[in-house]
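Colleague: What follows is a single structure, and I will ask about it in a moment.
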Amino acid sequence: MDASRILADLGILEQAGAGDIEVRSPISGAVIGRVASHTAADVDAALARAHSAFLVWRDVPAPRRGELVRLLGERLRKHKHALGSLVSLEAGKILQEGLGEVQEMIDICDFAVGLSRQLYGLTIASERPGHRMAESWHPAGVCAIISAFNFPVAVWSWNAALALVCGDPVIWKPSEKTPLTALAVQRLMDDVLREFGDAPDGLVSLVIGDREVGAQLVADPRAAIVSATGSTGMGRAVGVAVAQRFGRAILELGGNNAGIVTPSADRELALRAILFSAVGTAGQRCTSLRRLFVQESVHDDTVSRLKQLYGKVPIGNPLEPRTLMGPLIDRQAFERMQDALQRARAEGGKVTGGGRVSVAGLAEGYYVEPALVEMPAQTDIVLQETFAPILYVMKYRDFGEAIAANNRASHGLSSCVFTTDLREAESFVSARGSDCGIANVNIGPSGAEIGGAFGGEKETGGGRESGSDAWKGYMRRATNTVNYSSALPLAQGIDFRLD
Ligand code: NAD
């Protein structure tokens, strides 16, 4: 696949030709573009323009705002293949997943268009005669979006599609590892804005750079909402900075997701689901399966069958149709994986796989075998998120013990159970079950649909994006009490009058 042709197809060949950030494809290590960082003055100007845009956009009727998002969805449909290919080239995902990521953008656009006619609040019974009490939802202000490398375009769309119909301009700071896909999306958006006709200047903008650029957005009170996706370390810094100025943060941070295999599980189904969620995207999804608890009566058989499947995973160039596992994002990711495996061994683990794989013609890419690690218990390394294809497998005896083990991680993003026992299934998703934002039965922890609210608890940050009522995070709520009588009764029956 020719990078220049894709960049040309997406209209960013010239823009991706010069700048201080050198973009390398994890597939081959080759430089596929150069992008210029924005200065502090550029970021300041983008915030000023976005704030001015807010004063106009908040008055545009929401269904008309939805039309902008409808046009974006249409444009994405036309460019799905080119953009999906660029996702593969820049992030190293297999093409199916690159295309899937763009499909997710299209899906959230469709969702947001419908939502643009459903931003409604409650009417609440008032205790006072002649009074009406209601909730109204209003645009909240500029939404700054900070995104991670592993979902280089979908995360922007989850936020942008909702924010735009909710009346909020957006400024995007993508990962410094994936600026080309961001340039391509902004280019598509610029075309859409032109087609739309009367959108205010500065409504949708992009600032490129490292964490300094992100930190500038986070500190600025003009960014009413900061939606930040990335590691828990990043969220710790961003959460504090936003809280200090009483801004609103939507934090989508790390995960250490678990699965439970019970004796009644449909084992074929479970094995396929485990393979997809532990090995897919080379273990570089926030929802990747990292910890597996297998009931002792089915443990040995499950592990030996998993090992067989692990041995068959086609690893290599993610652009080739047969490949199921592409490279890690870079050398640092590879080194972190090797460190984790070394620690796992020191903590009593038995490691199968995990070594570097050489792929003909792609010597600079960091390809690895997925690692399966049989652990005696949840040691320190098991309780950390290592962003790589490492699956720690542990035994359990009774189901309550497995739920407690699931909940022991400091993160709380996603989780799943494989069972055909109704009691186990229901207790896993009940109040005393999994403490994660996502709790699944008979599917893996990854690969969420956009219709549900996405996000997690504890060190995952607590934010929710995408479907359900996540839109409320992008609006401000006003409680309105209207007195249409000529009396002035006070709430709680308070008598307050001059004699
Ligand atoms: P990262 O934390 O290194 O970077 C994420 C983004 O934050 C980048 O754009 C980076 O420039 C920016 N950033 C870093 N420090 C910052 C600061 N102090 N202020 C402002 N911006 C800052 O993450 P990564 O390596 O790109 O992505 C992998 C991590 O992201 C994993 O932990 C993964 O679980 C998580 N992730 C979470 C979700 C989710 O929805 N929960 C989705 C994708 C990835």
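Chain labels run A, B, ... following the order of the structure tokens; each chain numbers its residues from 1, and ligands are numbered from 1 in the order shown.
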Any chance you could list, as number ranges by chain, the residues in segment 123-275 of chain A that come up strand (DSSP E or B) when DSSP is run on the backbone?

Modeller: A: 123-124, 131-139, 143-146, 170-173, 204-206, 225-229, 248-252, 257-261

Colleague: For the selection you just gave me, I'd like the residues written to a file as a short mmCIF file (atom, residue, chain, number, x, y, z; two decimals), in the first residue's frame, keeping N, CA and C atoms.

Modeller:
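Contents of again.cif, freshly written:
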```
data_model
loop_
_atom_site.label_atom_id
_atom_site.label_comp_id
_atom_site.auth_asym_id
_atom_site.auth_seq_id
_atom_site.Cartn_x
_atom_site.Cartn_y
_atom_site.Cartn_z
N THR A 123 -40.02 17.17 32.89
CA THR A 123 -40.90 18.10 33.57
C THR A 123 -41.14 17.48 34.94
N ILE A 124 -41.00 18.29 35.99
CA ILE A 124 -41.01 17.74 37.34
C ILE A 124 -42.19 18.35 38.12
N HIS A 131 -47.21 26.66 39.56
CA HIS A 131 -45.79 26.65 39.19
C HIS A 131 -45.49 25.48 38.27
N ARG A 132 -44.58 25.68 37.39
CA ARG A 132 -44.11 24.58 36.54
C ARG A 132 -42.59 24.44 36.73
N MET A 133 -42.17 23.22 36.90
CA MET A 133 -40.73 23.00 37.08
C MET A 133 -40.25 22.07 35.97
N ALA A 134 -39.15 22.44 35.33
CA ALA A 134 -38.65 21.64 34.21
C ALA A 134 -37.13 21.75 34.15
N GLU A 135 -36.57 20.82 33.41
CA GLU A 135 -35.12 20.86 33.18
C GLU A 135 -34.87 21.23 31.74
N SER A 136 -33.96 22.16 31.49
CA SER A 136 -33.56 22.36 30.10
C SER A 136 -32.07 22.09 29.96
N TRP A 137 -31.71 21.64 28.77
CA TRP A 137 -30.31 21.31 28.48
C TRP A 137 -29.79 22.29 27.45
N HIS A 138 -28.65 22.89 27.77
CA HIS A 138 -28.07 23.92 26.90
C HIS A 138 -26.63 23.54 26.55
N PRO A 139 -26.15 24.07 25.42
CA PRO A 139 -24.74 23.84 25.08
C PRO A 139 -23.83 24.29 26.23
N CYS A 143 -15.40 22.09 23.66
CA CYS A 143 -14.97 20.76 24.13
C CYS A 143 -13.59 20.45 23.55
N ALA A 144 -12.60 20.34 24.43
CA ALA A 144 -11.25 19.94 23.99
C ALA A 144 -11.17 18.43 24.03
N ILE A 145 -10.69 17.85 22.96
CA ILE A 145 -10.59 16.37 22.88
C ILE A 145 -9.11 16.00 22.80
N ILE A 146 -8.68 15.18 23.75
CA ILE A 146 -7.30 14.68 23.73
C ILE A 146 -7.40 13.18 23.49
N VAL A 170 -15.46 22.04 18.90
CA VAL A 170 -14.44 21.09 19.36
C VAL A 170 -13.04 21.49 18.89
N ILE A 171 -12.08 21.25 19.78
CA ILE A 171 -10.66 21.39 19.42
C ILE A 171 -10.01 20.05 19.75
N TRP A 172 -9.29 19.52 18.81
CA TRP A 172 -8.74 18.15 18.96
C TRP A 172 -7.22 18.18 19.05
N LYS A 173 -6.71 17.53 20.09
CA LYS A 173 -5.26 17.30 20.21
C LYS A 173 -5.06 15.79 20.11
N VAL A 204 -14.65 23.65 14.39
CA VAL A 204 -13.96 22.36 14.52
C VAL A 204 -12.50 22.57 14.16
N SER A 205 -11.62 22.39 15.12
CA SER A 205 -10.21 22.63 14.78
C SER A 205 -9.30 21.56 15.39
N LEU A 206 -8.07 21.61 14.90
CA LEU A 206 -7.07 20.60 15.23
C LEU A 206 -5.81 21.29 15.69
N ILE A 225 -15.22 21.85 28.55
CA ILE A 225 -15.18 20.40 28.73
C ILE A 225 -13.85 19.90 28.20
N VAL A 226 -13.21 19.01 28.96
CA VAL A 226 -12.01 18.34 28.45
C VAL A 226 -12.30 16.85 28.43
N SER A 227 -12.33 16.29 27.24
CA SER A 227 -12.53 14.84 27.14
C SER A 227 -11.17 14.24 26.80
N ALA A 228 -10.60 13.51 27.76
CA ALA A 228 -9.24 13.02 27.59
C ALA A 228 -9.19 11.49 27.61
N THR A 229 -8.64 10.92 26.56
CA THR A 229 -8.51 9.47 26.44
C THR A 229 -7.03 9.11 26.43
N ARG A 248 -15.14 20.78 33.36
CA ARG A 248 -15.72 19.43 33.36
C ARG A 248 -14.78 18.49 32.61
N ALA A 249 -14.44 17.38 33.24
CA ALA A 249 -13.56 16.41 32.59
C ALA A 249 -14.33 15.13 32.28
N ILE A 250 -14.11 14.61 31.09
CA ILE A 250 -14.60 13.27 30.74
C ILE A 250 -13.34 12.44 30.57
N LEU A 251 -13.08 11.55 31.52
CA LEU A 251 -11.81 10.81 31.49
C LEU A 251 -12.04 9.36 31.05
N GLU A 252 -11.34 8.98 30.00
CA GLU A 252 -11.43 7.61 29.45
C GLU A 252 -10.02 7.04 29.50
N ASN A 257 -8.64 -5.48 31.95
CA ASN A 257 -9.92 -6.16 31.80
C ASN A 257 -9.81 -7.66 31.99
N ALA A 258 -10.85 -8.22 32.60
CA ALA A 258 -10.79 -9.64 32.95
C ALA A 258 -11.94 -10.41 32.33
N GLY A 259 -11.74 -11.73 32.27
CA GLY A 259 -12.80 -12.64 31.84
C GLY A 259 -12.80 -13.83 32.79
N ILE A 260 -13.98 -14.46 32.91
CA ILE A 260 -14.12 -15.64 33.78
C ILE A 260 -14.66 -16.77 32.91
N VAL A 261 -13.99 -17.93 32.97
CA VAL A 261 -14.50 -19.11 32.25
C VAL A 261 -15.01 -20.10 33.29
#
```

Colleague: Neighbours of ligand 1 within 8 Å, counting only C-alpha atoms and all ligand atoms, as a PyMOL selection string?

Modeller: chain A and resi 146-151+155+173-177+209-218+228-235+237-238+251-256+284-287+385+387+413+454-456+460-461

Colleague: Tell me which of A:Lys312, A:His299, A:His51, A:Arg187 sits closest to Asp220 of chain A, counting only C-alpha atoms.

Modeller: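 Nearest to Asp220 of chain A: A:His51.
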
Colleague: From the options A:Ser28, A:Asn442, A:Gln118, A:Ser88, which residue's atoms come nearest to Pro61 of chain A, counting only C-alpha atoms?

Modeller: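 Using only C-alpha atoms, Pro61 of chain A sits closest to A:Gln118.
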
Colleague: Of the candidates A:Met375, A:Leu328, A:Leu422, A:Val482, which shows the shortest atom-to-atom distance to Glu90 of chain A, using only C-alpha atoms?

Modeller: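 Looking only at the distances to Glu90 of chain A, the closest residue turns out to be A:Leu328.
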
Colleague: Run DSSP on the backbone and tell me which residues of segment 260-418 of chain A come out as helix (DSSP H, G or I); list them as a compact mmCIF listing (two decimals) with C-alpha atoms, in the first residue's frame.

Modeller:
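part39.txt was written with the following content:
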```txt
# COMPACT_ATOMS: atom_id res chain seq x y z
CA ARG A 267 -16.02 -23.49 25.39
CA GLU A 268 -15.73 -23.08 21.61
CA LEU A 269 -17.43 -19.71 21.80
CA ALA A 270 -15.35 -18.68 24.81
CA LEU A 271 -12.06 -19.61 23.13
CA ARG A 272 -12.90 -17.57 20.02
CA ALA A 273 -13.94 -14.59 22.12
CA ILE A 274 -10.81 -14.82 24.27
CA LEU A 275 -8.59 -14.97 21.22
CA PHE A 276 -10.17 -11.91 19.61
CA SER A 277 -10.09 -9.80 22.74
CA ALA A 278 -6.60 -10.78 23.97
CA VAL A 279 -4.77 -10.95 20.65
CA GLY A 280 -6.77 -8.57 18.42
CA THR A 281 -5.20 -5.14 17.84
CA ALA A 282 -2.04 -6.78 19.26
CA GLY A 283 -3.46 -6.27 22.76
CA GLU A 296 -10.07 -25.31 38.21
CA SER A 297 -12.06 -28.21 36.71
CA VAL A 298 -11.72 -26.75 33.18
CA HIS A 299 -8.44 -24.88 33.66
CA ASP A 300 -5.90 -27.26 32.16
CA ASP A 301 -7.96 -28.10 29.11
CA THR A 302 -8.78 -24.44 28.45
CA VAL A 303 -5.13 -23.42 28.75
CA SER A 304 -3.89 -26.17 26.48
CA ARG A 305 -6.48 -25.29 23.81
CA LEU A 306 -5.66 -21.62 24.11
CA LYS A 307 -1.98 -22.42 23.61
CA GLN A 308 -2.84 -24.31 20.42
CA LEU A 309 -4.85 -21.36 19.12
CA TYR A 310 -2.11 -18.88 20.10
CA GLY A 311 0.37 -20.90 18.06
CA LYS A 312 -1.77 -20.50 14.93
CA ARG A 331 10.07 0.02 20.36
CA GLN A 332 9.05 1.44 23.72
CA ALA A 333 5.87 -0.67 23.66
CA PHE A 334 7.99 -3.73 22.86
CA GLU A 335 10.38 -3.01 25.71
CA ARG A 336 7.51 -2.52 28.16
CA MET A 337 6.08 -5.86 27.10
CA GLN A 338 9.42 -7.63 27.61
CA ASP A 339 9.85 -5.98 31.03
CA ALA A 340 6.39 -7.14 32.07
CA LEU A 341 7.11 -10.72 30.98
CA GLN A 342 10.37 -10.70 32.89
CA ARG A 343 8.57 -9.49 36.01
CA ALA A 344 5.85 -12.10 35.51
CA ARG A 345 8.52 -14.83 35.45
CA ALA A 346 10.09 -13.41 38.60
CA PHE A 399 -17.62 -18.18 41.50
CA GLY A 400 -17.63 -15.56 44.28
CA GLU A 401 -13.85 -15.81 44.40
CA ALA A 402 -13.71 -15.15 40.62
CA ILE A 403 -15.86 -12.01 40.91
CA ALA A 404 -13.66 -10.74 43.74
CA ALA A 405 -10.58 -11.41 41.60
CA ASN A 406 -12.15 -9.54 38.68
```

Colleague: Suppose you want the space between atom CA of Cys436 of chain A and atom CA of Arg397 of chain A; what is it in Å?

Modeller: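 Separating atom CA of Cys436 of chain A from atom CA of Arg397 of chain A is a distance of 21.8 Å.
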
Colleague: With a distance cut-off of 8 Å and only C-alpha atoms, select the neighbouring residues of segment 69-86 of chain A, excluding the residue or stretch itself and same-chain residues fewer than 3 positions from it, and output the selection as a PyMOL selection string.

Modeller: chain A and resi 3+6-7+9-10+65-66+89-90+95+97-103+105-107+109-110+112-113+161+164-165+180-181+184+188-189+192+196

Colleague: Calculate how many Å separate atom CA of Tyr367 of chain A from atom CA of Thr352 of chain A, rounding to one decimal.

Modeller: 15.8 Å

Colleague: Please provide as a list in words all residues within 7 Å of segment 42-50 of chain A, with the sequence filter that same-chain residues fewer than 5 positions apart are discarded (counting only C-alpha atoms).

Modeller: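 With the cut-off at 7 Å, the set is Val142, Pro169, Asp201, Gly202, Leu203, Ser205, Val207 and Arg222 of chain A.
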
Colleague: Using C-alpha atoms, can you export the residues from the last selection as a compact mmCIF listing (two decimals), in the first residue's frame?

Modeller:
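This went into out-v7.txt:
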```txt
# COMPACT_ATOMS: atom_id res chain seq x y z
CA VAL A 142 -15.87 24.46 23.87
CA PRO A 169 -17.32 23.59 19.24
CA ASP A 201 -15.25 29.96 11.86
CA GLY A 202 -13.33 27.91 14.45
CA LEU A 203 -16.15 25.42 15.09
CA SER A 205 -10.21 22.63 14.78
CA VAL A 207 -3.94 21.36 17.22
CA ARG A 222 -12.32 28.51 27.61
```

Colleague: Enter the distance from atom CA of Val240 of chain A to atom CA of Ala224 of chain A, in Å, rounded to one decimal.

Modeller: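 Value for the atom CA of Val240 of chain A-atom CA of Ala224 of chain A distance: 14.6 Å.
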
Colleague: If we count only C-alpha atoms, what is near Glu364 of chain A at a cut-off of 10 Å, once residues fewer than 5 positions away on the same chain are taken out, given as an NGL selection string?

Modeller: :A and (25-30 or 330-331 or 358-359)

Colleague: Have a look at A:Leu55, A:Met1, A:Ala125, A:Ala154 and name the one nearest to Gly167 of chain A; count only C-alpha atoms.

Modeller: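 Distance minimum relative to Gly167 of chain A lands on A:Leu55.
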
Colleague: Give me the residues near Asn317 of chain A as a list in words, where near means some atom within 8 Å (using only C-alpha atoms) and where sequence neighbours in that chain fewer than 4 positions away do not count.

Modeller: Ile27, Ile94, Thr323, Gly326, Pro327, Val359 and Leu362 of chain A

Colleague: When you count only C-alpha atoms, which of these residues is closest to Val417 of chain A: A:Phe246, A:Tyr366, A:Phe293, A:Trp471?

Modeller: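 Using only C-alpha atoms, Val417 of chain A sits closest to A:Phe293.
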